[in-house]
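Worksheet: the structure to be examined is printed underneath.
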Amino acid sequence: MRTTTNSLIRNYKEGLSSSYSNWTSSSTRVMTQRSFNSVAESPSSAAKASQLQRKYTKVEDNLDTIDDAQARLDEQESALMSISDVLETISENYSVSAMSDTNADQRGIYADAISSYLETVVSDLNASYADTYLLAGSDGTNAPFALSDSGTLTYRGVEVSAAEGTTDYETLCDYADEHVYVDIGLGLSLDENGNVDSSSAFDVSLAGINIVGYGVDEDGDSKNVIDLANQMVDLLNADTFDSDAYGELMNKFNDLTTNVSNSVTDLGIRSEFLTTTETRMENLSLSLQTQLENVEGIDLEAAYTEYSACDDAYTAALKVGTTLLTASFIDFMS
Amino acid sequence: MSRSTFAGITIAKSALNASQAALQVTGQNIANVYTTGYTRQQVDVVSLSASGTSDKTSIGYGVSITSISQVRDPFLDVQYRNEIAKTGDAQACQNTLDELGDIFDETDQTALKSALESLSSALDDLSSNVGVSSYETLVRSNCEVLVSYIKQKASDLDTLREETTTELEDTDIPDVNEILSEISDLNDSIWNSQVIGNSALELTDQRNSLIDALASYLPISVTYSSVQVSDSTSFDYPVITLNGADGTNYSLTAGEHGENYATFSVERNTDSDGTEDGTVSISLVPATDYDSAAAAIYTKTDITDNLDSGAISGIVSMLNDSGELDSPSTDTRGIGYYEKVLDAFAQSFAETFNTLNASTSTYTGASSIPSSGTTTALTSTGTENAEYSLDFSSSTGNFLKNEYVVINGQKYTFGSGNNGTVAIGDSLAESLANLTDSLNSSSSTLQVNGTDMDGTWAYDSSTGKLTWTSNDTVASGTELTSSSITATDGTDLEFNYKANPLNVVSYDLFEASDGSSTINANNISVSDNWLDNTISIISSTEDDAGTTANDNILRMIDALSADRDFNYKYTYQDKNGDTQTGSINIFSGSYLEFYSNLENVQGTDSSANSSALNLSSSVLSDISDSRDEVSGVSLDEEGINLLQYQRSFTAASRLMTTLDEALETLLSDTGVVGR
């Protein structure tokens with residue numbers, strides 16, 4: 001085979017260029033600590049990395065949402081605990097037995113005390129977090145509960161002690177059935193009508209009327225703990241104290257107070273669920289980070305070894321060039 | 001037989017000549033050792049014999065130089081030119097694919113993919129904080145960022161297309177024409193040299209280099225045609241042919257000795273309405289044996305689809321082809337593919353979010369407004385009045401500000417009641433009653449059977465009828481039909497009501513910035529209504545939804561991650577010439593998956609083409625080595641030749657001296673016996 005000067009030089013140039021190209025890509029890998037720097041370098045790894053990155057970002061979003069939901073839940077729990085404590089205080093301190101041997105003045109004082117407690121309860125029912133009222137169902141920007149001058153409680157403008165069959169009662173039922181779902185990584189899905197599948201998202205709303213009750217019972221007494229307490233206040237303020245009626249109302253009041261306590265327990269369970277989900281999502285996040293690192297990252301030792309090899313090859317190629325281009329038969333002619 | 005006394009000197013002289021020529025050719029080879037395209041030359045010599053004798057003791061007459069020739073293998077040229085065409089094609093595609101990679105590959109940059117992820121995060125935040133305006137602003141800002149990335153990519157694609165087309169127009173095609181022109185000039189020069197006996201080897205090298213350069217642009221083949229100039233002399237010239245993909249061959253050189261050449265041109269294609277569609281056509285006026293200019297208009301041929309290798313083919317396929325989105329599909333996913341995919345992305349995104357944000361509140365403007373009324377038909381007994389009535393009994397809603405009606409040539413605009421406007425009442429009935437007053441003041445005269453009659457308008461809310469009744473009775477015997485009462489200009493009396501589009505607020509979150517009805521990647525923008533807070537994201541579609549209800553936000557979050565079909569829609573004409581709409585499914589998946597897929601398609605295409613280019617370059621390098629093995633200059637060899645020819649020259653000189661000494665003996669020392 002004839003080897004000519006030109007082909008020698010051309011092949012040397014090509015070899016040197018290829019050696020330099022290897023050197024730059026291996027040095028880029030070491031510097032960026034990424035196994036590929038463009039999709040074209042490794043389409044399959046890039047596709048996998050994209051998929052993992054998508055999941056990772058979503059999980060991080062979900063964790064943010066969980067944090068937010070947890071904070072709301074904590075505030076809701078705190079408000080309900082406070083309400084429950086007040087109601088229990090009323091139940092304990094102003095029982096029927098506590099009213100025995102009391103005169104109208106004393107009962108009047110008790111009535112005022114209960115009214116004050118009730119104002120505290122209403123204030124707690126309007127607790128807010130980050131400009132959102134926590135017990136307002138899906139109407140979080142408006143304070144949900146208000147006590148009218150006559151002492152009756154309204155929820156979003158509707159009297160809570162509306163009798164069944166009335167429009168107000170229907171409205172209250174609708175309000176009680178509202179949900180505000182957020183995506184916490186349970187696989188958010190919608191049905192064919194575009195409504196959220198309740199098991200695929202977390203409901204952060206809490207309609208206060210579900211806690212303190214609404215409507216009236218078969219006796220015509222309010223099923224709302226505040227209105228009921230106000231009825232008790234009316235009895236205490238009456239000239240003649242009806243102990244039996246008061247006792248009956250107090251029994252109902254105790255039942256409603258228990259409902260509030262149970263709601264606190266419910267919230268605790270929901271909070272626990274959030275914590276469990278958060279732990280699961282954090283584990284998933286870590287796992288995704290590891291997978292992403294495996295796909296995109298490099299084994300630094302291996303990459304540096306490769307870089308050193310490329311560096312040696314390039315240096316050697318440069319050295320070869322200096323000898324290659326000088327010698328020919330002509331140099332040795334005399 | 002006897003030989004001339006000085007025959008030996010002639011032999012020595014021829015040897016000196018040959019050696020000297022060989023030394024000079026060696027010098028020429030050494031001088032051109034680094035000249036691109038140079039072909040190693042050699043001195044072709046033959047020994048001179050004494051012809052025409054049967055004497056077995058005859059001696060030759062030295063050496064003769066027959067020619068100075070090039071050492072070249074035409075088969076390697078063919079191989080080289082075939083391969084360089086493939087390399088040119090792959091290189092042209094790679095150049096564009098690299099640019100596409102810069103636009104779409106987001107491996108090491110933050111762009112559209114991260115904007116989609118940020119939008120999803122912002123919607124998640126909004127879902128927990130509905131009613132807090134800063135969170136909606138965050139969503140809107142993310143949409144603006146996303147839209148700007150889409151537009152930037154679309155604009156980059158436009159620039160890439162324009163630059164590629166301009167390069168074809170201003171560089172590549174002119175380059176091809178220049179090469180052909182130079183080849184033609186060289187054919188002339190070589191011919192003229194050859195005719196006067198000069199082999200013109202250096203010019204031939206130049207021509208070969210140009211043919212190689214031409215082969216990188218186009219799929220060509222070269223044959224040699226012989227021209228007989230005398231009984232004993234003929235010269236060859238190259239005939240260059242463009243090999244079309246369909247087997248058609250086009251002459252690129254022609255004429256007596258290849259002095260005529262073909263010319264190429266490129267045109268930008270336009271669609272039916274005269275707008276450039278981004279594609280190009282390559283045309284060729286083939287070379288003929290006649291004056292090429294005269295034949296040009298008759299022989300211009302479109303060869304766009306007939307090129308299958310070479311850089312021009314690569315560039316054209318990148319400009320014209322859209323791969324599977326062409327109908328029928330093509331092999332190359334060119335710039336068009338990415339434009340169409342990006343358009344489908346933008347369109348689907350805008351449509352999805354606009355649909356989700358569609359207002360569910362009822363339009364309160366008037367509807368079912370009659371466009372005309374009827375004349376009460378009768379035959380007058382002289383006591384009846386003419387009557388024309390418009391029936392509003394099934395109309396709903398109310399007129400809105402700035403809406404107007406035209407009746408009897410008069411325009412009545414609804415508004416506050418001031419400045420000549422008709423006051424909008426609390427109900428449609430009230431508004432019509434107000435309109436009645438205006439009608440009575442300016443349109444009380446109508447034509448009955450072509451005769452003007454004064455009358456009075458009145459609105460009866462119980463029947464919903466707006467009626468005009470003539471003040472005077474109609475003459476006895478007059479027959480009135482349903483169309484007897486007309487406007488004062490004799491035309492049919494109409495009630496032209498047009499709802500003012502300004503009153504119908506669009507809740508579209510995205511719109512086309514150029515006012516077009518179709519959103520694409522170039523014109524997608526966040527709607528003005530959203531930007532100036534006229535509209536906002538509809539967080540709930542429930543009736544009487546609370547202020548923090550978020551069901552629609554969740555639909556939007558789901559829309560971002562849900563699988564959907566991305567289709568490319570196109571129009572075509574069927575066999576009857578009717579315009580039909582076709583659709584090709586590009587991908588099924590979420591928006592992020594769709595973009596990742598696009599990234600991956602680009603990466604895979606680039607990777608595959610890069611491999612093909614590397615292979616082709618490697619083969620080309622091997623062929624170049626083979627060519628150099630035959631035609632290249634080796635300094636080692638030339639050094640040896642120097643020694644060899646110098647020795648040969650020295651030997652010939654020694655021969656001359658020896659013969660001279662022998663003759664000296666003959667001439668000076670002969671016949672001097674006894675002297």
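Scheme for the structure tokens: letters A, B, ... for chains in order shown; per-chain residue numbers from 1; ligand numbers from 1 in order shown.
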*asked:* DSSP on the backbone, strand (DSSP E) only: what residues of range 320-513 of chain B does that give? Format it as a PyMOL selection string.
replied: chain B and resi 374-375+378-379+385-391+404-407+410-415+422-423+445-448+451-460+465-473+479-480+485-486+496-498+510-512
Hey, which bits of chain A sit within 7 Å of chain B, and for each residue what's the closest pair of atoms and how far apart in Å (one decimal), counting only C-alpha atoms, rows by chain and increasing number, as a tab-separated table?
residue	atom	partner	partner_atom	distance
A:Met1	CA	B:Glu629	CA	7.0
A:Arg2	CA	B:Glu629	CA	4.9
A:Thr3	CA	B:Glu629	CA	5.8
A:Thr4	CA	B:Ser634	CA	4.3
A:Thr5	CA	B:Ser634	CA	5.0
A:Asn6	CA	B:Tyr34	CA	6.4
A:Ser7	CA	B:Asp625	CA	5.8
A:Asn37	CA	B:Thr107	CA	6.2
A:Ser38	CA	B:Thr107	CA	5.6
A:Val39	CA	B:Gly603	CA	4.8
A:Ala40	CA	B:Gly603	CA	3.8
A:Glu41	CA	B:Ser607	CA	6.7
A:Pro43	CA	B:Thr604	CA	5.7
A:Ala47	CA	B:Asn600	CA	6.4
A:Ser50	CA	B:Ser596	CA	6.5
A:Thr57	CA	B:Glu117	CA	6.8
A:Asp61	CA	B:Ser121	CA	5.6
A:Thr65	CA	B:Asp125	CA	7.0
A:Ser138	CA	B:Ala549	CA	4.7
A:Asp139	CA	B:Gly546	CA	3.9
A:Gly140	CA	B:Thr548	CA	5.1
A:Thr141	CA	B:Thr547	CA	6.0
A:Val180	CA	B:Ala549	CA	5.7
A:Val182	CA	B:Ser127	CA	6.2
A:Leu188	CA	B:Asp558	CA	6.9
A:Gly194	CA	B:Arg555	CA	6.8
A:Ser328	CA	B:Asp636	CA	5.5
A:Phe329	CA	B:Asp636	CA	4.6
A:Ile330	CA	B:Gly639	CA	5.1
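For the atom pair formed by CA of Thr279 in chain A and CA of Gly297 in chain A, the distance is 25.6 Å, given to one decimal.
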*Report the distance between CA of Gly220 in chain A and CA of Asp112 in chain A in Å, rounded to one decimal place.*
23.7 Å
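Across the structure, CA of Ala487 in chain B and CA of Ala386 in chain B are spaced 13.7 Å apart.
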*asked:* Can you tell me which residues surround range 441-455 of chain B at a distance of at most 7 Å, considering only C-alpha atoms, apart from same-chain residues fewer than 4 positions away, and format the answer as number ranges by chain?
replied: B: 408, 437, 468-471, 484-488, 490
For Tyr307 in chain A, list every protein, DNA or RNA residue within 7 Å, evaluated using only C-alpha atoms, and leave out those in the same chain fewer than 4 positions away; present the list as a PDB file with N, CA, C and O atoms, in the first residue's frame.
ATOM      1  N   TRP A  23     -12.061  14.616  23.799  1.00  0.00           N
ATOM      2  CA  TRP A  23     -11.558  15.317  24.986  1.00  0.00           C
ATOM      3  C   TRP A  23     -12.587  16.341  25.483  1.00  0.00           C
ATOM      4  O   TRP A  23     -12.880  16.407  26.673  1.00  0.00           O
ATOM      5  N   SER A  26     -15.693  14.525  26.975  1.00  0.00           N
ATOM      6  CA  SER A  26     -15.440  13.912  28.288  1.00  0.00           C
ATOM      7  C   SER A  26     -15.235  14.997  29.353  1.00  0.00           C
ATOM      8  O   SER A  26     -15.675  14.842  30.495  1.00  0.00           O
ATOM      9  N   SER A  27     -14.616  16.120  28.967  1.00  0.00           N
ATOM     10  CA  SER A  27     -14.428  17.186  29.965  1.00  0.00           C
ATOM     11  C   SER A  27     -15.771  17.840  30.307  1.00  0.00           C
ATOM     12  O   SER A  27     -16.032  18.190  31.450  1.00  0.00           O
ATOM     13  N   ALA A 303     -16.022   8.768  34.968  1.00  0.00           N
ATOM     14  CA  ALA A 303     -15.984   9.890  34.030  1.00  0.00           C
ATOM     15  C   ALA A 303     -14.611  10.550  34.040  1.00  0.00           C
ATOM     16  O   ALA A 303     -14.078  10.931  33.000  1.00  0.00           O
ATOM     17  N   ASP A 311      -7.553  12.840  27.586  1.00  0.00           N
ATOM     18  CA  ASP A 311      -6.518  13.871  27.681  1.00  0.00           C
ATOM     19  C   ASP A 311      -5.175  13.300  27.224  1.00  0.00           C
ATOM     20  O   ASP A 311      -4.443  13.922  26.457  1.00  0.00           O
TER      21      ASP A 311
END
*Name the residues in contact with Tyr12 in chain A at a cut-off of 10 Å, using only C-alpha atoms, excluding same-chain residues fewer than 2 positions from it; report them as a VMD selection string.*
chain A and resid 6 to 10 14 to 18 317 to 318 320 to 321 324 to 325
10 Å contact set for Ser19 in chain A, only C-alpha atoms, chain neighbours under 6 positions out, as a PDB file with N, CA and C atoms, in the first residue's frame:
ATOM      1  N   LYS A  13      -4.907  14.900  10.708  1.00  0.00           N
ATOM      2  CA  LYS A  13      -5.836  15.988  11.085  1.00  0.00           C
ATOM      3  C   LYS A  13      -7.160  15.413  11.582  1.00  0.00           C
ATOM      4  N   CYS A 310      -8.798  10.400  27.596  1.00  0.00           N
ATOM      5  CA  CYS A 310      -8.971  11.263  26.423  1.00  0.00           C
ATOM      6  C   CYS A 310      -7.883  12.333  26.405  1.00  0.00           C
ATOM      7  N   ASP A 311      -7.553  12.840  27.586  1.00  0.00           N
ATOM      8  CA  ASP A 311      -6.518  13.871  27.681  1.00  0.00           C
ATOM      9  C   ASP A 311      -5.175  13.300  27.224  1.00  0.00           C
ATOM     10  N   ASP A 312      -4.875  12.076  27.706  1.00  0.00           N
ATOM     11  CA  ASP A 312      -3.621  11.428  27.310  1.00  0.00           C
ATOM     12  C   ASP A 312      -3.593  11.215  25.801  1.00  0.00           C
ATOM     13  N   ALA A 313      -4.738  10.745  25.275  1.00  0.00           N
ATOM     14  CA  ALA A 313      -4.808  10.449  23.831  1.00  0.00           C
ATOM     15  C   ALA A 313      -4.573  11.720  23.022  1.00  0.00           C
ATOM     16  N   TYR A 314      -5.175  12.821  23.466  1.00  0.00           N
ATOM     17  CA  TYR A 314      -5.028  14.078  22.729  1.00  0.00           C
ATOM     18  C   TYR A 314      -3.583  14.580  22.793  1.00  0.00           C
ATOM     19  N   THR A 315      -2.994  14.503  23.993  1.00  0.00           N
ATOM     20  CA  THR A 315      -1.605  14.937  24.149  1.00  0.00           C
ATOM     21  C   THR A 315      -0.689  14.088  23.269  1.00  0.00           C
ATOM     22  N   ALA A 316      -0.944  12.774  23.285  1.00  0.00           N
ATOM     23  CA  ALA A 316      -0.130  11.867  22.470  1.00  0.00           C
ATOM     24  C   ALA A 316      -0.264  12.202  20.992  1.00  0.00           C
ATOM     25  N   ALA A 317      -1.507  12.499  20.573  1.00  0.00           N
ATOM     26  CA  ALA A 317      -1.749  12.827  19.162  1.00  0.00           C
ATOM     27  C   ALA A 317      -0.976  14.085  18.773  1.00  0.00           C
ATOM     28  N   LEU A 318      -0.944  15.047  19.683  1.00  0.00           N
ATOM     29  CA  LEU A 318      -0.201  16.282  19.406  1.00  0.00           C
ATOM     30  C   LEU A 318       1.291  15.984  19.256  1.00  0.00           C
TER      31      LEU A 318
END
*DSSP on the backbone, then: every residue of range 339-565 of chain B marked alpha helix (DSSP H), written as a ChimeraX atom specification.*
/B:339-356,428-442,528-531,551-561
_Contacts of range 394-396 of chain B within 10 Å, only C-alpha atoms, excl. fewer than 3 positions in-chain, as a PyMOL selection string_ = chain B and resi 364-370+391+399+427-429+464
*Taking only C-alpha atoms into account, which of A:Leu153, A:Ala69, A:Ala162, A:Val216 comes nearest Glu272 in chain A?*
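Between A:Leu153, A:Ala69, A:Ala162, A:Val216, the residue approaching Glu272 in chain A most closely is A:Ala69.
Counting only C-alpha atoms and comparing B:Leu138, B:Val43, B:Ile519, B:Val78, the residue that lies closest to Ala350 in chain B is B:Ile519.
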